[in-house]
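Participant: For reference, the file model.pdb (PDB, C-alpha atoms, pLDDT in the B column) is included below:
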```pdb
ATOM      1  CA  MET A  21      11.163   5.101  -5.961  1.00 91.00           C
ATOM      2  CA  ILE A  22      10.996   6.346  -9.541  1.00 95.00           C
ATOM      3  CA  GLU A  23       8.175   5.821 -12.009  1.00 96.00           C
ATOM      4  CA  LEU A  24       7.475   7.028 -15.565  1.00 98.00           C
ATOM      5  CA  ARG A  25       3.834   6.768 -16.609  1.00 97.00           C
ATOM      6  CA  GLU A  26       2.262   6.926 -20.066  1.00 97.00           C
ATOM      7  CA  MET A  27      -1.268   7.018 -18.652  1.00 97.00           C
ATOM      8  CA  PRO A  28      -2.860   9.791 -16.534  1.00 97.00           C
ATOM      9  CA  PHE A  29      -2.627   9.314 -12.777  1.00 96.00           C
ATOM     10  CA  ASP A  30      -4.155  10.809  -9.633  1.00 97.00           C
ATOM     11  CA  PRO A  31      -1.250  11.790  -7.339  1.00 97.00           C
ATOM     12  CA  TRP A  32      -3.472  11.942  -4.243  1.00 95.00           C
ATOM     13  CA  GLN A  33      -4.858   8.456  -4.756  1.00 92.00           C
ATOM     14  CA  TYR A  34      -1.335   7.304  -5.550  1.00 91.00           C
ATOM     15  CA  LEU A  35      -0.041   8.693  -2.238  1.00 91.00           C
ATOM     16  CA  ALA A  36      -2.979   7.271  -0.272  1.00 87.00           C
ATOM     17  CA  GLU A  37      -2.415   3.771  -1.687  1.00 81.00           C
ATOM     18  CA  ARG A  38       1.278   4.041  -0.986  1.00 76.00           C
ATOM     19  CA  GLN A  39       0.654   5.028   2.643  1.00 69.00           C
ATOM     20  CA  VAL A  40      -1.711   2.072   3.053  1.00 58.00           C
ATOM     21  CA  SER A  41       0.532  -0.457   1.344  1.00 61.00           C
ATOM     22  CA  GLN A  42       3.628   0.603   3.303  1.00 60.00           C
ATOM     23  CA  GLY A  43       2.005   1.502   6.575  1.00 56.00           C
ATOM     24  CA  VAL A  44       2.597   5.074   7.790  1.00 58.00           C
ATOM     25  CA  GLU A  45       6.187   5.349   8.948  1.00 67.00           C
ATOM     26  CA  ALA A  46       6.187   6.038  12.669  1.00 75.00           C
ATOM     27  CA  ARG A  47       9.417   7.987  12.384  1.00 81.00           C
ATOM     28  CA  SER A  48       8.275  10.235   9.505  1.00 87.00           C
ATOM     29  CA  GLY A  49       6.898  13.345  11.165  1.00 90.00           C
ATOM     30  CA  ALA A  50       6.864  15.279   7.922  1.00 92.00           C
ATOM     31  CA  ALA A  51       5.881  14.662   4.307  1.00 92.00           C
ATOM     32  CA  ALA A  52       6.455  17.364   1.662  1.00 96.00           C
ATOM     33  CA  ILE A  53       4.548  16.922  -1.590  1.00 97.00           C
ATOM     34  CA  PHE A  54       4.882  18.766  -4.903  1.00 98.00           C
ATOM     35  CA  VAL A  55       2.422  18.180  -7.740  1.00 98.00           C
ATOM     36  CA  GLY A  56       3.017  19.842 -11.112  1.00 97.00           C
ATOM     37  CA  THR A  57      -0.029  20.112 -13.386  1.00 97.00           C
ATOM     38  CA  MET A  58      -0.318  21.080 -17.038  1.00 96.00           C
ATOM     39  CA  ARG A  59      -1.503  24.665 -17.619  1.00 93.00           C
ATOM     40  CA  ASP A  60      -3.746  25.661 -20.527  1.00 93.00           C
ATOM     41  CA  PHE A  61      -1.479  28.626 -21.386  1.00 93.00           C
ATOM     42  CA  ASN A  62       2.226  29.238 -22.015  1.00 92.00           C
ATOM     43  CA  GLU A  63       4.108  32.330 -23.177  1.00 89.00           C
ATOM     44  CA  GLY A  64       0.851  34.181 -23.811  1.00 91.00           C
ATOM     45  CA  ASP A  65      -0.772  31.452 -25.940  1.00 94.00           C
ATOM     46  CA  SER A  66      -3.553  28.978 -25.197  1.00 95.00           C
ATOM     47  CA  VAL A  67      -2.292  25.382 -25.279  1.00 95.00           C
ATOM     48  CA  GLN A  68      -4.663  22.499 -26.056  1.00 96.00           C
ATOM     49  CA  GLU A  69      -2.290  19.578 -25.506  1.00 97.00           C
ATOM     50  CA  MET A  70       1.314  18.617 -25.007  1.00 97.00           C
ATOM     51  CA  TYR A  71       3.619  15.702 -25.816  1.00 98.00           C
ATOM     52  CA  LEU A  72       6.359  14.832 -23.342  1.00 98.00           C
ATOM     53  CA  GLU A  73       9.356  13.164 -24.982  1.00 98.00           C
ATOM     54  CA  HIS A  74      12.020  11.456 -22.858  1.00 98.00           C
ATOM     55  CA  TYR A  75      15.280   9.522 -23.283  1.00 98.00           C
ATOM     56  CA  PRO A  76      14.507   5.894 -22.332  1.00 98.00           C
ATOM     57  CA  GLY A  77      17.223   4.632 -20.028  1.00 98.00           C
ATOM     58  CA  MET A  78      18.840   7.985 -19.242  1.00 98.00           C
ATOM     59  CA  THR A  79      15.699   9.654 -17.876  1.00 98.00           C
ATOM     60  CA  GLU A  80      15.209   6.841 -15.334  1.00 98.00           C
ATOM     61  CA  HIS A  81      18.945   6.866 -14.544  1.00 98.00           C
ATOM     62  CA  GLN A  82      18.967  10.633 -13.965  1.00 98.00           C
ATOM     63  CA  LEU A  83      15.889  10.513 -11.689  1.00 98.00           C
ATOM     64  CA  GLU A  84      17.457   7.652  -9.691  1.00 98.00           C
ATOM     65  CA  THR A  85      20.650   9.706  -9.368  1.00 98.00           C
ATOM     66  CA  LEU A  86      18.711  12.751  -8.101  1.00 98.00           C
ATOM     67  CA  ALA A  87      16.789  10.641  -5.567  1.00 97.00           C
ATOM     68  CA  ALA A  88      19.976   8.951  -4.332  1.00 98.00           C
ATOM     69  CA  SER A  89      21.712  12.309  -4.008  1.00 98.00           C
ATOM     70  CA  ALA A  90      18.795  13.758  -1.954  1.00 98.00           C
ATOM     71  CA  LEU A  91      18.811  10.704   0.342  1.00 96.00           C
ATOM     72  CA  LYS A  92      22.522  11.335   0.919  1.00 97.00           C
ATOM     73  CA  GLU A  93      22.264  15.107   1.459  1.00 98.00           C
ATOM     74  CA  TRP A  94      19.225  15.183   3.785  1.00 97.00           C
ATOM     75  CA  SER A  95      18.007  12.889   6.506  1.00 95.00           C
ATOM     76  CA  LEU A  96      15.048  11.399   4.610  1.00 94.00           C
ATOM     77  CA  ASP A  97      12.996   8.266   5.186  1.00 91.00           C
ATOM     78  CA  ASP A  98      11.840   7.956   1.582  1.00 91.00           C
ATOM     79  CA  VAL A  99      11.705   9.673  -1.808  1.00 94.00           C
ATOM     80  CA  LEU A 100       9.092   9.244  -4.536  1.00 94.00           C
ATOM     81  CA  ILE A 101       9.207  10.716  -8.056  1.00 97.00           C
ATOM     82  CA  VAL A 102       6.440   9.991 -10.577  1.00 97.00           C
ATOM     83  CA  HIS A 103       6.560  11.695 -14.022  1.00 98.00           C
ATOM     84  CA  ARG A 104       4.234  11.523 -17.003  1.00 98.00           C
ATOM     85  CA  ILE A 105       5.446  10.863 -20.557  1.00 98.00           C
ATOM     86  CA  GLY A 106       3.545  10.967 -23.860  1.00 98.00           C
ATOM     87  CA  ARG A 107       0.348  12.941 -24.597  1.00 98.00           C
ATOM     88  CA  ILE A 108      -0.932  15.215 -21.817  1.00 98.00           C
ATOM     89  CA  ILE A 109      -3.878  17.609 -21.681  1.00 97.00           C
ATOM     90  CA  PRO A 110      -4.436  20.651 -19.397  1.00 97.00           C
ATOM     91  CA  THR A 111      -5.385  19.876 -15.759  1.00 96.00           C
ATOM     92  CA  GLN A 112      -3.569  16.509 -15.854  1.00 98.00           C
ATOM     93  CA  PRO A 113      -0.751  16.107 -13.315  1.00 98.00           C
ATOM     94  CA  ILE A 114       2.711  15.899 -14.928  1.00 98.00           C
ATOM     95  CA  VAL A 115       4.941  15.298 -11.940  1.00 98.00           C
ATOM     96  CA  LEU A 116       4.722  14.188  -8.314  1.00 98.00           C
ATOM     97  CA  VAL A 117       7.681  14.619  -5.954  1.00 97.00           C
ATOM     98  CA  ALA A 118       7.201  13.433  -2.385  1.00 96.00           C
ATOM     99  CA  VAL A 119       9.684  13.117   0.465  1.00 94.00           C
ATOM    100  CA  TRP A 120       9.273  11.796   3.986  1.00 92.00           C
ATOM    101  CA  SER A 121      11.434  12.885   6.897  1.00 93.00           C
ATOM    102  CA  ALA A 122      11.393  13.179  10.680  1.00 92.00           C
ATOM    103  CA  HIS A 123      11.131  16.997  10.522  1.00 94.00           C
ATOM    104  CA  ARG A 124       9.631  19.627   8.211  1.00 96.00           C
ATOM    105  CA  ALA A 125      12.797  21.598   7.401  1.00 97.00           C
ATOM    106  CA  GLU A 126      14.511  18.637   5.746  1.00 97.00           C
ATOM    107  CA  ALA A 127      11.303  17.598   3.984  1.00 96.00           C
ATOM    108  CA  PHE A 128      10.638  21.081   2.522  1.00 98.00           C
ATOM    109  CA  ASP A 129      14.273  21.632   1.486  1.00 98.00           C
ATOM    110  CA  ALA A 130      14.702  18.212  -0.116  1.00 98.00           C
ATOM    111  CA  CYS A 131      11.379  18.406  -1.991  1.00 98.00           C
ATOM    112  CA  ARG A 132      12.168  21.873  -3.395  1.00 98.00           C
ATOM    113  CA  HIS A 133      15.711  20.874  -4.331  1.00 98.00           C
ATOM    114  CA  LEU A 134      14.572  17.646  -6.008  1.00 98.00           C
ATOM    115  CA  MET A 135      11.974  19.480  -8.082  1.00 98.00           C
ATOM    116  CA  GLU A 136      14.440  22.184  -9.213  1.00 97.00           C
ATOM    117  CA  SER A 137      17.116  19.578 -10.061  1.00 98.00           C
ATOM    118  CA  LEU A 138      14.557  17.586 -12.039  1.00 98.00           C
ATOM    119  CA  LYS A 139      13.590  20.698 -14.038  1.00 97.00           C
ATOM    120  CA  HIS A 140      17.234  21.418 -14.885  1.00 96.00           C
ATOM    121  CA  SER A 141      18.642  17.962 -15.511  1.00 97.00           C
ATOM    122  CA  ALA A 142      16.047  15.240 -16.172  1.00 98.00           C
ATOM    123  CA  PRO A 143      15.835  14.550 -19.940  1.00 98.00           C
ATOM    124  CA  PHE A 144      12.247  15.479 -20.803  1.00 98.00           C
ATOM    125  CA  TRP A 145      11.143  17.768 -23.638  1.00 98.00           C
ATOM    126  CA  LYS A 146       7.724  19.395 -24.039  1.00 97.00           C
ATOM    127  CA  ARG A 147       6.116  19.847 -27.459  1.00 98.00           C
ATOM    128  CA  GLU A 148       2.988  21.996 -27.296  1.00 97.00           C
ATOM    129  CA  THR A 149      -0.019  22.004 -29.607  1.00 97.00           C
ATOM    130  CA  LEU A 150      -1.713  25.419 -29.557  1.00 97.00           C
ATOM    131  CA  VAL A 151      -5.444  25.990 -30.121  1.00 95.00           C
ATOM    132  CA  ASP A 152      -4.829  26.761 -33.835  1.00 95.00           C
ATOM    133  CA  ASN A 153      -3.183  23.274 -34.101  1.00 96.00           C
ATOM    134  CA  SER A 154       0.307  24.729 -34.625  1.00 97.00           C
ATOM    135  CA  VAL A 155       3.056  22.804 -32.845  1.00 97.00           C
ATOM    136  CA  ARG A 156       6.152  24.138 -31.056  1.00 97.00           C
ATOM    137  CA  TRP A 157       8.889  22.874 -28.733  1.00 97.00           C
ATOM    138  CA  VAL A 158       9.154  24.576 -25.358  1.00 95.00           C
ATOM    139  CA  ALA A 159      12.627  26.149 -25.438  1.00 90.00           C
ATOM    140  CA  SER A 160      13.251  26.585 -21.711  1.00 86.00           C
ATOM    141  CA  ASN A 161      11.731  26.322 -18.249  1.00 83.00           C
ATOM    142  CA  THR A 162       9.891  29.137 -16.523  1.00 78.00           C
ATOM    143  CA  PRO A 163      12.033  30.717 -13.746  1.00 78.00           C
ATOM    144  CA  GLY A 164      10.041  29.070 -10.957  1.00 75.00           C
TER     145      GLY A 164
ATOM    146  CA  MET B   4      29.835 -22.817 -39.428  1.00 62.00           C
ATOM    147  CA  ALA B   5      29.009 -19.853 -41.669  1.00 67.00           C
ATOM    148  CA  PHE B   6      26.293 -18.863 -39.182  1.00 65.00           C
ATOM    149  CA  LEU B   7      28.751 -19.004 -36.278  1.00 69.00           C
ATOM    150  CA  LEU B   8      31.317 -16.917 -38.179  1.00 69.00           C
ATOM    151  CA  GLY B   9      28.592 -14.423 -39.060  1.00 69.00           C
ATOM    152  CA  ALA B  10      27.507 -14.136 -35.431  1.00 67.00           C
ATOM    153  CA  ILE B  11      31.100 -13.591 -34.281  1.00 67.00           C
ATOM    154  CA  LEU B  12      31.680 -10.990 -37.016  1.00 62.00           C
ATOM    155  CA  ASN B  13      28.453  -9.178 -36.075  1.00 64.00           C
ATOM    156  CA  GLY B  14      29.551  -9.115 -32.443  1.00 62.00           C
ATOM    157  CA  ILE B  15      32.930  -7.646 -33.333  1.00 56.00           C
ATOM    158  CA  LEU B  16      31.378  -5.072 -35.676  1.00 57.00           C
ATOM    159  CA  SER B  17      28.861  -3.825 -33.087  1.00 61.00           C
ATOM    160  CA  ILE B  18      31.708  -3.362 -30.597  1.00 68.00           C
ATOM    161  CA  MET B  19      33.397  -1.021 -33.086  1.00 89.00           C
ATOM    162  CA  LEU B  20      30.302   1.164 -33.403  1.00 96.00           C
ATOM    163  CA  VAL B  21      29.296   4.257 -31.462  1.00 97.00           C
ATOM    164  CA  LYS B  22      25.522   4.735 -31.213  1.00 98.00           C
ATOM    165  CA  VAL B  23      24.583   8.411 -31.533  1.00 98.00           C
ATOM    166  CA  LEU B  24      21.116   9.707 -30.569  1.00 98.00           C
ATOM    167  CA  PHE B  25      19.445  13.086 -31.123  1.00 98.00           C
ATOM    168  CA  PHE B  26      16.307  14.207 -29.280  1.00 98.00           C
ATOM    169  CA  ALA B  27      13.398  16.645 -29.549  1.00 98.00           C
ATOM    170  CA  SER B  28      13.912  19.870 -31.565  1.00 97.00           C
ATOM    171  CA  LEU B  29      17.524  18.927 -32.360  1.00 98.00           C
ATOM    172  CA  ARG B  30      16.393  15.639 -33.958  1.00 98.00           C
ATOM    173  CA  GLU B  31      13.824  17.522 -36.028  1.00 97.00           C
ATOM    174  CA  ARG B  32      16.357  20.156 -37.128  1.00 97.00           C
ATOM    175  CA  LEU B  33      18.927  17.518 -38.187  1.00 97.00           C
ATOM    176  CA  GLY B  34      16.274  15.236 -39.676  1.00 97.00           C
ATOM    177  CA  VAL B  35      17.725  12.141 -37.981  1.00 97.00           C
ATOM    178  CA  GLY B  36      17.221  10.422 -34.616  1.00 98.00           C
ATOM    179  CA  GLN B  37      19.992   7.833 -34.625  1.00 98.00           C
ATOM    180  CA  VAL B  38      23.361   7.374 -36.346  1.00 98.00           C
ATOM    181  CA  MET B  39      25.815   4.475 -35.985  1.00 97.00           C
ATOM    182  CA  LEU B  40      29.459   5.594 -36.252  1.00 97.00           C
ATOM    183  CA  ASP B  41      32.222   3.192 -37.158  1.00 96.00           C
ATOM    184  CA  THR B  42      35.385   3.684 -35.109  1.00 94.00           C
ATOM    185  CA  HIS B  43      38.216   1.420 -34.016  1.00 92.00           C
ATOM    186  CA  GLU B  44      39.598   3.808 -31.413  1.00 95.00           C
ATOM    187  CA  ALA B  45      38.502   6.359 -28.828  1.00 97.00           C
ATOM    188  CA  ILE B  46      37.295   9.665 -30.300  1.00 97.00           C
ATOM    189  CA  SER B  47      36.154  12.911 -28.675  1.00 98.00           C
ATOM    190  CA  VAL B  48      32.486  13.875 -28.290  1.00 98.00           C
ATOM    191  CA  GLN B  49      33.301  16.872 -30.523  1.00 98.00           C
ATOM    192  CA  GLU B  50      34.366  14.475 -33.305  1.00 98.00           C
ATOM    193  CA  VAL B  51      31.282  12.303 -32.720  1.00 98.00           C
ATOM    194  CA  TRP B  52      29.145  15.448 -33.201  1.00 98.00           C
ATOM    195  CA  GLN B  53      30.923  16.426 -36.436  1.00 98.00           C
ATOM    196  CA  ARG B  54      30.764  12.950 -37.964  1.00 97.00           C
ATOM    197  CA  SER B  55      27.144  12.240 -36.960  1.00 98.00           C
ATOM    198  CA  SER B  56      25.490  15.655 -37.490  1.00 97.00           C
ATOM    199  CA  GLY B  57      27.517  16.848 -40.465  1.00 94.00           C
ATOM    200  CA  GLU B  58      27.928  20.191 -38.681  1.00 96.00           C
ATOM    201  CA  ASN B  59      31.288  21.568 -37.539  1.00 93.00           C
ATOM    202  CA  VAL B  60      30.213  23.669 -34.588  1.00 96.00           C
ATOM    203  CA  LEU B  61      28.496  22.062 -31.616  1.00 96.00           C
ATOM    204  CA  PRO B  62      25.869  24.658 -30.515  1.00 96.00           C
ATOM    205  CA  VAL B  63      26.595  25.960 -26.997  1.00 95.00           C
ATOM    206  CA  ASN B  64      23.138  25.096 -25.665  1.00 95.00           C
ATOM    207  CA  VAL B  65      23.248  21.453 -26.798  1.00 98.00           C
ATOM    208  CA  LEU B  66      23.569  19.029 -23.869  1.00 98.00           C
ATOM    209  CA  ILE B  67      25.664  15.872 -24.093  1.00 98.00           C
ATOM    210  CA  ALA B  68      25.347  12.465 -22.444  1.00 98.00           C
ATOM    211  CA  VAL B  69      27.685   9.488 -22.749  1.00 98.00           C
ATOM    212  CA  ASN B  70      26.204   6.161 -21.635  1.00 98.00           C
ATOM    213  CA  HIS B  71      23.248   7.950 -19.938  1.00 98.00           C
ATOM    214  CA  THR B  72      25.481  10.304 -17.894  1.00 98.00           C
ATOM    215  CA  TYR B  73      26.022  14.034 -18.585  1.00 98.00           C
ATOM    216  CA  SER B  74      29.350  14.723 -20.257  1.00 98.00           C
ATOM    217  CA  ASP B  75      31.135  17.405 -22.327  1.00 98.00           C
ATOM    218  CA  ALA B  76      32.591  17.963 -25.805  1.00 97.00           C
ATOM    219  CA  ALA B  77      36.147  17.094 -24.759  1.00 97.00           C
ATOM    220  CA  ALA B  78      35.229  13.692 -23.279  1.00 98.00           C
ATOM    221  CA  LEU B  79      36.565  10.587 -25.004  1.00 98.00           C
ATOM    222  CA  VAL B  80      34.115   8.048 -26.384  1.00 98.00           C
ATOM    223  CA  GLN B  81      35.004   4.383 -26.739  1.00 97.00           C
ATOM    224  CA  PRO B  82      33.732   2.028 -29.436  1.00 96.00           C
ATOM    225  CA  GLY B  83      30.521   0.461 -28.053  1.00 96.00           C
ATOM    226  CA  ASP B  84      29.491   3.650 -26.196  1.00 97.00           C
ATOM    227  CA  GLU B  85      26.177   5.503 -26.619  1.00 98.00           C
ATOM    228  CA  VAL B  86      26.321   9.285 -27.110  1.00 98.00           C
ATOM    229  CA  ALA B  87      23.265  11.555 -27.012  1.00 98.00           C
ATOM    230  CA  PHE B  88      22.869  15.202 -28.029  1.00 98.00           C
ATOM    231  CA  PHE B  89      19.780  17.150 -26.965  1.00 98.00           C
ATOM    232  CA  PRO B  90      18.371  20.657 -26.366  1.00 98.00           C
ATOM    233  CA  PRO B  91      17.842  22.122 -22.858  1.00 97.00           C
ATOM    234  CA  VAL B  92      15.429  19.935 -20.894  1.00 98.00           C
ATOM    235  CA  THR B  93      11.887  21.140 -20.124  1.00 97.00           C
ATOM    236  CA  GLY B  94      10.273  18.500 -17.910  1.00 96.00           C
ATOM    237  CA  GLY B  95       8.387  18.821 -14.648  1.00 95.00           C
TER     238      GLY B  95
END
```
Represent the structure contained in this file as structure tokens.
Facilitator:
Amino acid sequence: MIELREMPFDPWQYLAERQVSQGVEARSGAAAIFVGTMRDFNEGDSVQEMYLEHYPGMTEHQLETLAASALKEWSLDDVLIVHRIGRIIPTQPIVLVAVWSAHRAEAFDACRHLMESLKHSAPFWKRETLVDNSVRWVASNTPG
Amino acid sequence: MAFLLGAILNGILSIMLVKVLFFASLRERLGVGQVMLDTHEAISVQEVWQRSSGENVLPVNVLIAVNHTYSDAAALVQPGDEVAFFPPVTGG
């Protein structure tokens, strides 16, 4: 499942509600979770807030494609990707990637791969506002 | 009758248009977010870039999507398609 959210969200509450609403899968022995959170610094500067632009239509399509590709490549029970858009402030979660599988190896590998693919191919762009109120576009991702 | 003819004409005209979108820092540099290109035949992404941006050279780091799927400068675009140009992505 894919979701873009304009409002802040709590990934842990989100996962708990999902487990309750679905019922814990008896066959899923492993869940691998990645949560990305906004830092208050980047490239040596203090950042006070950020705006996340996306490409409506393509961003959802690309995330669906990544999820479908992971489900094909690994033996997974489920995939969840939640990503923020719009205005974000430090300490707020930006992204949640969760995968469920029978065993840990597939869960770890798929979660890592999904997150890296998202960083390289999902159409999102970060515009930072520094503490002196100057604004700049983030030119590229950090190595990892 | 005039309304019906107008609606039909509008339909035909929109089919002959290519919708071009620019995002993030590229949109700000070009000063435009969306351009509608009139074409009756298939044209390359390279030509779409030249006609919509007013620039000859497509920068090497600019990414291209046709109808929400990644593509390249040599790809052919049909009337009615949507083409997007954007800088490297920085989500997650």
Participant: Excluding same-chain residues fewer than 3 positions from region 80-86 of chain B, what lies within 12 Å of it counting all atoms listed in the file, as number ranges by chain?
Facilitator: A: 75, 77-78; B: 14-26, 36-52, 55, 66-77, 89
Participant: So which one's closest to Thr93 (chain B), A:Ala159, A:Val119, A:Ala50, A:Ala125? Using all atoms listed in the file, please.
Facilitator: A:Ala159
Participant: Would you be able to write out as an MDAnalysis selection string which residues have an atom within 7 Å of (-2.3, 21.8, -26.1) in the file's coordinates, counting only C-alpha atoms?
Facilitator: chainID A and resid 60 67:70 109 148:151
Participant: Do you know which residues are at most 10 Å from Ala90 (chain A) counting all atoms listed in the file, after dropping those on the same chain fewer than 3 positions away, and could you put them as a PyMOL selection string?
Facilitator: chain A and resi 84-87+93-96+98-99+119+129-131+133-134
Participant: Which residues, named as in the file, does the PyMOL selection byres ((chain B) within 7 of (chain A)) pick out? Answer as a VMD selection string.
Facilitator: chain B and resid 27 to 28 71 91 to 95
Participant: How about completing region 47-65 of chain A with N, CA and C atoms and giving it to me as a PDB file, in the coordinates of the input?
Facilitator:
```pdb
ATOM      1  N   ARG A  47       8.360   6.987  12.165  1.00 81.00           N
ATOM      2  CA  ARG A  47       9.417   7.987  12.384  1.00 81.00           C
ATOM      3  C   ARG A  47       9.281   9.206  11.474  1.00 81.00           C
ATOM      4  N   SER A  48       8.415   9.124  10.444  1.00 87.00           N
ATOM      5  CA  SER A  48       8.275  10.235   9.505  1.00 87.00           C
ATOM      6  C   SER A  48       7.267  11.254  10.024  1.00 87.00           C
ATOM      7  N   GLY A  49       7.787  12.306  10.652  1.00 90.00           N
ATOM      8  CA  GLY A  49       6.898  13.345  11.165  1.00 90.00           C
ATOM      9  C   GLY A  49       6.487  14.339  10.108  1.00 90.00           C
ATOM     10  N   ALA A  50       7.142  14.282   8.957  1.00 92.00           N
ATOM     11  CA  ALA A  50       6.864  15.279   7.922  1.00 92.00           C
ATOM     12  C   ALA A  50       6.865  14.637   6.541  1.00 92.00           C
ATOM     13  N   ALA A  51       5.894  15.029   5.724  1.00 92.00           N
ATOM     14  CA  ALA A  51       5.881  14.662   4.307  1.00 92.00           C
ATOM     15  C   ALA A  51       5.707  15.949   3.519  1.00 92.00           C
ATOM     16  N   ALA A  52       6.606  16.194   2.541  1.00 96.00           N
ATOM     17  CA  ALA A  52       6.455  17.364   1.662  1.00 96.00           C
ATOM     18  C   ALA A  52       6.134  16.847   0.264  1.00 96.00           C
ATOM     19  N   ILE A  53       5.073  17.414  -0.312  1.00 97.00           N
ATOM     20  CA  ILE A  53       4.548  16.922  -1.590  1.00 97.00           C
ATOM     21  C   ILE A  53       4.533  18.054  -2.606  1.00 97.00           C
ATOM     22  N   PHE A  54       5.049  17.817  -3.808  1.00 98.00           N
ATOM     23  CA  PHE A  54       4.882  18.766  -4.903  1.00 98.00           C
ATOM     24  C   PHE A  54       4.165  18.066  -6.046  1.00 98.00           C
ATOM     25  N   VAL A  55       3.119  18.702  -6.563  1.00 98.00           N
ATOM     26  CA  VAL A  55       2.422  18.180  -7.740  1.00 98.00           C
ATOM     27  C   VAL A  55       2.457  19.251  -8.822  1.00 98.00           C
ATOM     28  N   GLY A  56       3.000  18.921  -9.975  1.00 97.00           N
ATOM     29  CA  GLY A  56       3.017  19.842 -11.112  1.00 97.00           C
ATOM     30  C   GLY A  56       1.929  19.428 -12.091  1.00 97.00           C
ATOM     31  N   THR A  57       1.122  20.402 -12.519  1.00 97.00           N
ATOM     32  CA  THR A  57      -0.029  20.112 -13.386  1.00 97.00           C
ATOM     33  C   THR A  57       0.085  20.914 -14.675  1.00 97.00           C
ATOM     34  N   MET A  58      -0.406  20.368 -15.759  1.00 96.00           N
ATOM     35  CA  MET A  58      -0.318  21.080 -17.038  1.00 96.00           C
ATOM     36  C   MET A  58      -1.268  22.279 -17.074  1.00 96.00           C
ATOM     37  N   ARG A  59      -0.699  23.442 -17.447  1.00 93.00           N
ATOM     38  CA  ARG A  59      -1.503  24.665 -17.619  1.00 93.00           C
ATOM     39  C   ARG A  59      -2.118  24.675 -19.016  1.00 93.00           C
ATOM     40  N   ASP A  60      -3.169  25.524 -19.176  1.00 93.00           N
ATOM     41  CA  ASP A  60      -3.746  25.661 -20.527  1.00 93.00           C
ATOM     42  C   ASP A  60      -3.216  26.917 -21.224  1.00 93.00           C
ATOM     43  N   PHE A  61      -2.104  27.477 -20.707  1.00 93.00           N
ATOM     44  CA  PHE A  61      -1.479  28.626 -21.386  1.00 93.00           C
ATOM     45  C   PHE A  61       0.030  28.561 -21.194  1.00 93.00           C
ATOM     46  N   ASN A  62       0.774  29.127 -22.142  1.00 92.00           N
ATOM     47  CA  ASN A  62       2.226  29.238 -22.015  1.00 92.00           C
ATOM     48  C   ASN A  62       2.714  30.344 -22.937  1.00 92.00           C
ATOM     49  N   GLU A  63       3.546  31.217 -22.413  1.00 89.00           N
ATOM     50  CA  GLU A  63       4.108  32.330 -23.177  1.00 89.00           C
ATOM     51  C   GLU A  63       3.023  33.115 -23.923  1.00 89.00           C
ATOM     52  N   GLY A  64       1.900  33.340 -23.236  1.00 91.00           N
ATOM     53  CA  GLY A  64       0.851  34.181 -23.811  1.00 91.00           C
ATOM     54  C   GLY A  64      -0.089  33.472 -24.772  1.00 91.00           C
ATOM     55  N   ASP A  65       0.097  32.180 -25.005  1.00 94.00           N
ATOM     56  CA  ASP A  65      -0.772  31.452 -25.940  1.00 94.00           C
ATOM     57  C   ASP A  65      -1.564  30.365 -25.218  1.00 94.00           C
TER      58      ASP A  65
END
```
